[in-house]
Amino acid sequence: MSKSKYCVASSLALLALGALCASAGAQDFLPSTARTIPAGDLRFTAYPAALFGKNNGPDRWGGAGRVGYGITDNFDVQGKAAVFNGFSLVGLDTSYWILRGDVNLGLSLGAHKALMQSAPDSTAVDASWQMSTRLSRRVRFEGGMSLSLESIDHVRNSRFSRVYVVPGVNYRISHQVDFVSQLGLGLNNNSPNYLTAGFSFDLPVSESGRRRGPE
């Protein structure tokens, strides 16, 4: 791995981990994909998000995004953040693309911290798997499951889980720009349903990334 790749990846990881360690219960509703970021590319993703409360909980609108770097063609690191009325979220994910072809399969492991305005903060470990398959030259179906094990900071025996099934669609607008939409279906009472739709933009920053042509 080149020195420039180490520098960019390390910088992103340190920024995200620094946010995680800041002093400050939300779920991990920040979409990811089975297809990792190509080596030498930066990826920026931004989108509005809607949360649909359960058990008479309020519906909420907010904004979320990711920034990541492809360390290899099969492995990337991504920082993530979201802001809603009443809370915000910051975190870090690492993703590995383990199966390529007509069906793609990826695994992700990370963590996030929920910073609450009027309740105790919480910290979670996140894991997910994602698959995708091409429906046409530009359209892919995305689907998977995610699990977050979360606990309220400084409160003993406060661990709980959030579990989601997440179908979605990815539309390739150009070699660098995709439209992404995902629906999160919460499988327990701690997991409000959510809907996101937005855009991701790949920016080649290394020599190998700039040489890469369209898929």
# chains A, B, ... in the order shown; residues from 1 in each chain; ligands from 1
>>> residues_around(residues="A:Ala82", least_positions_apart="2", cutoff="7 Å", atoms="only C-alpha atoms", output="NGL selection string")
:A and (63-65 or 84 or 88-90)
>>> write_last_selection(atoms="N, CA and C atoms", output="mmCIF file, in the first residue's frame")
data_model
loop_
_atom_site.group_PDB
_atom_site.id
_atom_site.type_symbol
_atom_site.label_atom_id
_atom_site.label_comp_id
_atom_site.auth_asym_id
_atom_site.auth_seq_id
_atom_site.Cartn_x
_atom_site.Cartn_y
_atom_site.Cartn_z
ATOM 1 N N GLY A 63 -30.803 15.187 8.275
ATOM 2 C CA GLY A 63 -29.855 15.000 7.193
ATOM 3 C C GLY A 63 -28.695 14.135 7.655
ATOM 4 N N ALA A 64 -28.124 13.371 6.722
ATOM 5 C CA ALA A 64 -27.040 12.461 7.067
ATOM 6 C C ALA A 64 -26.049 12.380 5.916
ATOM 7 N N GLY A 65 -24.867 11.849 6.197
ATOM 8 C CA GLY A 65 -23.877 11.711 5.145
ATOM 9 C C GLY A 65 -22.718 10.827 5.558
ATOM 10 N N PHE A 84 -30.440 15.392 13.600
ATOM 11 C CA PHE A 84 -31.887 15.465 13.708
ATOM 12 C C PHE A 84 -32.239 16.405 14.852
ATOM 13 N N SER A 88 -27.821 13.970 17.516
ATOM 14 C CA SER A 88 -26.933 13.823 16.365
ATOM 15 C C SER A 88 -26.165 12.518 16.521
ATOM 16 N N LEU A 89 -25.513 12.093 15.446
ATOM 17 C CA LEU A 89 -24.830 10.807 15.434
ATOM 18 C C LEU A 89 -23.515 10.945 14.686
ATOM 19 N N VAL A 90 -22.450 10.337 15.217
ATOM 20 C CA VAL A 90 -21.156 10.287 14.537
ATOM 21 C C VAL A 90 -20.597 8.875 14.672
#
>>> select_by_dssp(residues="stretch 28-215 of chain A", states="strand (DSSP E)", output="PyMOL selection string")
chain A and resi 41-52+60-72+75-84+87-99+103-116+122-134+139-152+160-165+168-172+177-186+193-204
>>> residues_around(residues="A:Leu99", least_positions_apart="6", cutoff="12 Å", atoms="only C-alpha atoms", output="PyMOL selection string")
chain A and resi 34-36+73-74+105-107+129-133
>>> closest_residue(among="A:Trp61, A:Tyr96, A:Phe52, A:Tyr164", to="A:Asp76", atoms="only C-alpha atoms")
A:Tyr96
>>> atom_distance(atom1="atom CA of A:Ser161", atom2="atom CA of A:Ser148")
5.6 Å
